[in-house]
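Here's model-v4.txt, which has compact mmCIF, C-alpha atoms:
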```
# COMPACT_ATOMS: atom_id res chain seq x y z
CA MET A 1 21.05 -35.20 26.66
CA SER A 2 17.84 -37.08 25.79
CA GLY A 3 16.05 -35.24 28.61
CA LEU A 4 17.05 -31.89 27.08
CA LEU A 5 15.80 -32.99 23.66
CA ILE A 6 12.45 -34.03 25.13
CA LYS A 7 12.14 -30.66 26.89
CA ALA A 8 12.98 -28.86 23.64
CA SER A 9 10.38 -30.87 21.77
CA ASP A 10 7.79 -30.13 24.44
CA SER A 11 8.53 -26.39 24.25
CA VAL A 12 7.88 -26.40 20.50
CA LYS A 13 4.71 -28.48 20.75
CA GLN A 14 3.25 -26.21 23.41
CA LEU A 15 3.39 -23.21 21.08
CA PHE A 16 3.52 -24.41 17.46
CA THR A 17 2.65 -27.30 15.22
CA VAL A 18 5.48 -27.53 12.69
CA ILE A 19 4.63 -28.85 9.21
CA PRO A 20 7.57 -29.37 6.81
CA SER A 21 7.01 -28.41 3.18
CA PRO A 22 8.44 -30.16 0.08
CA ILE A 23 11.06 -27.36 -0.08
CA PRO A 24 14.00 -27.82 2.35
CA GLY A 25 14.00 -25.16 5.05
CA CYS A 26 10.50 -23.88 4.28
CA LEU A 27 7.99 -24.61 7.05
CA GLU A 28 4.37 -24.02 7.90
CA LEU A 29 3.94 -23.04 11.54
CA ARG A 30 0.58 -23.34 13.24
CA PRO A 31 0.49 -21.46 16.53
CA GLN A 32 -2.09 -22.06 19.21
CA VAL A 33 -5.14 -19.90 18.59
CA ARG A 34 -6.82 -19.00 21.86
CA GLU A 35 -10.43 -17.85 21.52
CA ASP A 36 -13.07 -16.76 23.97
CA ARG A 37 -16.07 -14.45 23.98
CA ARG A 38 -13.77 -11.41 23.67
CA GLY A 39 -12.07 -12.60 20.49
CA ARG A 40 -8.75 -14.35 19.88
CA PHE A 41 -5.09 -14.28 20.90
CA VAL A 42 -2.24 -15.67 18.77
CA LYS A 43 1.50 -15.73 19.55
CA VAL A 44 3.44 -15.52 16.28
CA PHE A 45 7.03 -15.42 17.55
CA HIS A 46 8.93 -16.97 20.45
CA GLN A 47 12.69 -16.52 20.41
CA HIS A 48 13.60 -19.72 22.28
CA VAL A 49 11.32 -21.93 20.20
CA PHE A 50 12.55 -20.40 16.93
CA GLU A 51 16.12 -21.07 18.07
CA LEU A 52 15.24 -24.70 18.81
CA LEU A 53 13.80 -25.02 15.29
CA GLY A 54 16.91 -23.47 13.72
CA LEU A 55 14.93 -20.49 12.41
CA CYS A 56 15.91 -16.84 12.20
CA ILE A 57 15.42 -14.86 15.42
CA ASP A 58 16.90 -11.53 14.28
CA TYR A 59 14.38 -9.59 12.21
CA ALA A 60 15.42 -6.21 10.82
CA GLU A 61 12.07 -5.02 9.45
CA GLU A 62 8.39 -5.79 9.76
CA TYR A 63 5.68 -4.48 7.48
CA TYR A 64 2.27 -5.36 6.06
CA SER A 65 0.40 -5.11 2.80
CA VAL A 66 -3.30 -4.66 2.17
CA SER A 67 -4.48 -6.37 -1.03
CA ARG A 68 -7.81 -6.65 -2.81
CA ARG A 69 -9.24 -9.89 -4.17
CA SER A 70 -7.34 -11.29 -7.19
CA VAL A 71 -4.14 -9.36 -6.46
CA ILE A 72 -0.91 -11.31 -6.97
CA ARG A 73 2.24 -9.92 -5.38
CA GLY A 74 5.46 -11.63 -6.43
CA LEU A 75 7.55 -13.47 -7.04
CA HIS A 76 9.95 -11.46 -4.85
CA PHE A 77 13.38 -11.85 -3.20
CA GLN A 78 16.51 -9.87 -2.37
CA ILE A 79 19.88 -11.00 -3.71
CA PRO A 80 23.00 -11.44 -1.54
CA PRO A 81 24.36 -9.86 0.52
CA MET A 82 20.93 -8.41 1.39
CA ASP A 83 19.02 -11.70 1.01
CA HIS A 84 16.71 -12.50 3.88
CA ASP A 85 14.57 -15.00 5.72
CA LYS A 86 10.86 -14.17 5.91
CA LEU A 87 7.98 -15.01 8.19
CA ILE A 88 4.59 -14.50 6.50
CA TYR A 89 1.12 -14.51 8.03
CA CYS A 90 -2.34 -12.96 7.65
CA VAL A 91 -4.09 -10.83 10.23
CA SER A 92 -7.12 -10.45 7.96
CA GLY A 93 -8.41 -12.52 5.04
CA THR A 94 -7.05 -15.51 3.13
CA ILE A 95 -4.26 -15.91 0.59
CA GLN A 96 -2.73 -18.56 -1.60
CA ASP A 97 0.93 -18.36 -0.67
CA ALA A 98 3.69 -19.60 -2.98
CA VAL A 99 7.42 -20.19 -2.70
CA LEU A 100 9.83 -21.13 -5.48
CA ASP A 101 13.24 -22.69 -4.80
CA ILE A 102 15.89 -20.70 -6.69
CA ARG A 103 18.97 -22.05 -4.85
CA THR A 104 21.54 -23.59 -7.19
CA GLY A 105 22.30 -27.15 -6.08
CA SER A 106 19.08 -27.58 -4.14
CA PRO A 107 17.33 -30.95 -4.57
CA THR A 108 14.14 -28.98 -5.24
CA TYR A 109 15.58 -26.22 -7.47
CA GLY A 110 12.83 -24.83 -9.70
CA ARG A 111 10.06 -26.49 -7.69
CA HIS A 112 7.35 -24.66 -5.83
CA ALA A 113 5.23 -25.18 -2.73
CA LEU A 114 1.77 -23.77 -2.11
CA PHE A 115 -0.04 -22.96 1.12
CA LYS A 116 -3.39 -21.52 2.08
CA VAL A 117 -2.75 -18.93 4.77
CA SER A 118 -5.56 -17.23 6.66
CA ALA A 119 -6.26 -15.10 9.69
CA GLU A 120 -8.83 -17.66 10.77
CA GLU A 121 -6.29 -20.52 10.84
CA GLY A 122 -3.52 -18.31 12.21
CA ASN A 123 -0.89 -20.25 10.24
CA MET A 124 2.45 -18.81 9.16
CA ILE A 125 5.00 -19.63 6.46
CA TYR A 126 8.74 -19.50 7.18
CA VAL A 127 10.55 -18.67 3.93
CA PRO A 128 14.34 -19.12 4.06
CA ARG A 129 16.66 -17.01 1.94
CA GLY A 130 17.07 -18.29 -1.60
CA LEU A 131 13.34 -18.77 -2.19
CA ALA A 132 11.21 -16.44 -4.30
CA HIS A 133 7.92 -15.62 -2.60
CA GLY A 134 4.51 -14.45 -3.74
CA PHE A 135 0.85 -14.66 -2.89
CA CYS A 136 -2.62 -14.31 -4.36
CA THR A 137 -5.53 -12.76 -2.45
CA LEU A 138 -8.51 -15.12 -2.24
CA SER A 139 -10.75 -13.10 0.10
CA GLU A 140 -12.30 -9.67 -0.54
CA SER A 141 -9.14 -8.22 0.97
CA ALA A 142 -6.20 -9.51 2.96
CA ILE A 143 -3.67 -7.95 5.33
CA VAL A 144 -0.38 -9.82 5.14
CA VAL A 145 2.43 -9.26 7.65
CA TYR A 146 6.08 -9.86 6.70
CA LYS A 147 8.96 -10.15 9.15
CA VAL A 148 12.30 -10.04 7.31
CA SER A 149 15.88 -10.49 8.47
CA SER A 150 17.40 -7.66 6.38
CA VAL A 151 16.19 -4.19 5.50
CA TYR A 152 14.77 -3.33 2.10
CA SER A 153 17.55 -2.56 -0.38
CA PRO A 154 16.42 -1.29 -3.82
CA GLU A 155 19.70 -2.24 -5.52
CA HIS A 156 19.34 -5.84 -4.27
CA ASP A 157 15.62 -6.11 -4.94
CA GLY A 158 14.70 -8.89 -7.37
CA GLY A 159 11.76 -10.77 -8.78
CA LEU A 160 10.53 -13.33 -11.28
CA LEU A 161 7.50 -13.19 -13.54
CA TRP A 162 4.53 -14.58 -11.63
CA ASN A 163 3.39 -17.07 -14.31
CA SER A 164 6.78 -18.30 -15.57
CA ALA A 165 7.52 -21.06 -13.05
CA GLY A 166 4.54 -23.43 -13.39
CA ILE A 167 2.76 -22.28 -10.22
CA PRO A 168 -0.96 -23.16 -10.45
CA TRP A 169 -2.37 -19.90 -9.16
CA GLU A 170 -6.05 -19.92 -8.22
CA ILE A 171 -6.49 -16.61 -10.06
CA GLN A 172 -5.80 -16.63 -13.81
CA GLU A 173 -6.28 -12.91 -14.51
CA PRO A 174 -4.69 -11.22 -11.51
CA LEU A 175 -4.29 -7.58 -10.60
CA LEU A 176 -0.55 -6.88 -10.86
CA SER A 177 1.75 -3.93 -10.29
CA GLU A 178 3.76 -2.61 -13.23
CA ARG A 179 6.86 -3.82 -11.44
CA ASP A 180 5.56 -7.38 -11.11
CA GLN A 181 4.54 -7.46 -14.77
CA ALA A 182 8.09 -6.49 -15.77
CA HIS A 183 10.01 -9.17 -13.86
CA PRO A 184 12.07 -11.56 -16.03
CA PRO A 185 10.83 -15.15 -16.54
CA PHE A 186 12.29 -17.92 -14.41
CA GLN A 187 13.72 -19.62 -17.52
CA SER A 188 16.21 -16.76 -18.07
CA PHE A 189 17.15 -16.33 -14.41
CA LYS A 190 20.80 -16.79 -13.36
CA SER A 191 20.61 -17.54 -9.66
CA PRO A 192 23.04 -15.94 -7.18
CA PHE A 193 21.78 -18.30 -4.46
CA PHE A 194 23.46 -21.55 -3.40
CA TYR A 195 21.89 -24.36 -1.44
CA ARG A 196 23.46 -25.23 1.91
CA GLU A 197 22.19 -28.38 3.55
CA ALA A 198 21.21 -27.92 7.20
CA ALA A 199 23.78 -29.28 9.65
```

For the file at hand, write its structure as structure tokens.
Amino acid sequence: MSGLLIKASDSVKQLFTVIPSPIPGCLELRPQVREDRRGRFVKVFHQHVFELLGLCIDYAEEYYSVSRRSVIRGLHFQIPPMDHDKLIYCVSGTIQDAVLDIRTGSPTYGRHALFKVSAEEGNMIYVPRGLAHGFCTLSESAIVVYKVSSVYSPEHDGGLLWNSAGIPWEIQEPLLSERDQAHPPFQSFKSPFFYREAA
């Protein structure tokens, strides 16, 4: 059995550096970035390695956003039964990425974690279901890719007001959508999410 564990660990290390965050289940993944005179090559998903890490391997949708400097998108989530895991990364630019734990019973309920995510670093954030997610664009523009484990469902779409949860955003006067300005504050939120400790 120990030999299998060593092989599993080696498989992960060959492709990703895994950095736990303060929020249970939320990880920063740093893939190998291969560069030469032609440019760069980055592998963002490997089914076997994601299985070894206990991460989602079944993604139902993938999309991207293009955002100008000072845009904040968030804080977003989908409620059960259409809640989902997310994998977030940049293919252009730099963002300040934020997650907020909204799982009742979680040891970090109401706490946030921040990451700097950039195309140059190639890093990714794995956001498990039950976390609200948002980001702020720090570069002139940023293209952010989202892989999600359930399809978009308008009737299950939810959000929290961007500045109501104590997140120290790097931009104080952001560009916001009307939708994001209208989200309720975290203080009035009744969470439908429940924390389940990993086995």

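Taking atom CA of A:Lys43 and atom CA of A:Leu15 as the two end points, the separation is 7.9 Å.
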
*Choose the residue, out of A:Leu131, A:Leu175, A:Met82, A:Leu87, that has the smallest atom-to-atom separation from A:Tyr63; count all atoms listed in the file.*
A:Leu87

*A:Glu155, A:Glu173, A:Glu120, A:Glu62: which is nearest A:Asp83, counting only C-alpha atoms?*
A:Glu155

*In file coordinates, which residues lie within 10 Å of (10.4, -25.2, 3.3) using only C-alpha atoms, given as a list in words?*
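All residues meeting the 10 Å criterion around (10.4, -25.2, 3.3) are Ile19, Pro20, Ser21, Pro22, Ile23, Pro24, Gly25, Cys26, Leu27, Glu28, Val99, Leu100, Asp101, His112, Ala113, Ile125, Tyr126, Val127, Pro128 and Leu131 of chain A.
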
*Nearest to A:Glu61 by atom-to-atom distance, counting all atoms listed in the file, from A:His84, A:Arg34, A:His183, A:His46*: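 Using all atoms listed in the file, A:Glu61 sits closest to A:His84.
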
*Looking at A:Gln47, A:Ser164, A:Gln14, A:Ser70, which one is nearest to A:Pro185, with distances taken over only C-alpha atoms?*
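Going through A:Gln47, A:Ser164, A:Gln14, A:Ser70 one by one, the smallest distance to A:Pro185 is for A:Ser164.
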
*Excluding A:Ile171 and residues on its chain fewer than 3 positions from it, collect all residues at most 12 Å away from it, counting all atoms listed in the file, and give them as a list of chain:residue names.*
A:Arg69, A:Ser70, A:Val71, A:Ile72, A:Arg73, A:Ile95, A:Gln96, A:Phe135, A:Cys136, A:Thr137, A:Leu138, A:Ser139, A:Trp162, A:Asn163, A:Ile167, A:Pro168, A:Pro174, A:Leu175, A:Leu176

Selection from above, C-alpha atoms, as a PDB file, in the frame of the given file, can you write it?
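And here's result13.pdb as it stands now:
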```pdb
ATOM      1  CA  ARG A  69      -9.240  -9.890  -4.170  1.00  0.00           C
ATOM      2  CA  SER A  70      -7.340 -11.290  -7.190  1.00  0.00           C
ATOM      3  CA  VAL A  71      -4.140  -9.360  -6.460  1.00  0.00           C
ATOM      4  CA  ILE A  72      -0.910 -11.310  -6.970  1.00  0.00           C
ATOM      5  CA  ARG A  73       2.240  -9.920  -5.380  1.00  0.00           C
ATOM      6  CA  ILE A  95      -4.260 -15.910   0.590  1.00  0.00           C
ATOM      7  CA  GLN A  96      -2.730 -18.560  -1.600  1.00  0.00           C
ATOM      8  CA  PHE A 135       0.850 -14.660  -2.890  1.00  0.00           C
ATOM      9  CA  CYS A 136      -2.620 -14.310  -4.360  1.00  0.00           C
ATOM     10  CA  THR A 137      -5.530 -12.760  -2.450  1.00  0.00           C
ATOM     11  CA  LEU A 138      -8.510 -15.120  -2.240  1.00  0.00           C
ATOM     12  CA  SER A 139     -10.750 -13.100   0.100  1.00  0.00           C
ATOM     13  CA  TRP A 162       4.530 -14.580 -11.630  1.00  0.00           C
ATOM     14  CA  ASN A 163       3.390 -17.070 -14.310  1.00  0.00           C
ATOM     15  CA  ILE A 167       2.760 -22.280 -10.220  1.00  0.00           C
ATOM     16  CA  PRO A 168      -0.960 -23.160 -10.450  1.00  0.00           C
ATOM     17  CA  PRO A 174      -4.690 -11.220 -11.510  1.00  0.00           C
ATOM     18  CA  LEU A 175      -4.290  -7.580 -10.600  1.00  0.00           C
ATOM     19  CA  LEU A 176      -0.550  -6.880 -10.860  1.00  0.00           C
TER      20      LEU A 176
END
```

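Closest to A:Arg179 among A:Arg68, A:Val144, A:Ile57, A:Leu160 is A:Leu160, based on only C-alpha atoms.
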
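Among A:Leu53, A:Ala98, A:Ala132, A:Leu161, the residue with the shortest atom-to-atom distance to A:Val117, counting all atoms listed in the file, is A:Ala98.
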
_Residue neighbourhood A:His156, 10 Å, only C-alpha atoms, exclusion window fewer than 2 positions, as a list in words_ = Phe77, Gln78, Ile79, Pro80, Pro81, Met82, Asp83, Tyr152, Ser153, Pro154 and Gly158 of chain A

*Could you work out how far atom CA of A:Tyr64 lies from atom CA of A:Val151, giving the answer in Å with one decimal?*
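Straight-line distance from atom CA of A:Val151 to atom CA of A:Tyr64 works out to 14.0 Å.
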
*Take atom CA of A:His48 and atom CA of A:Val12 and report the distance between them in Å, one decimal.*
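About the pair atom CA of A:His48 and atom CA of A:Val12: they are 9.0 Å apart.
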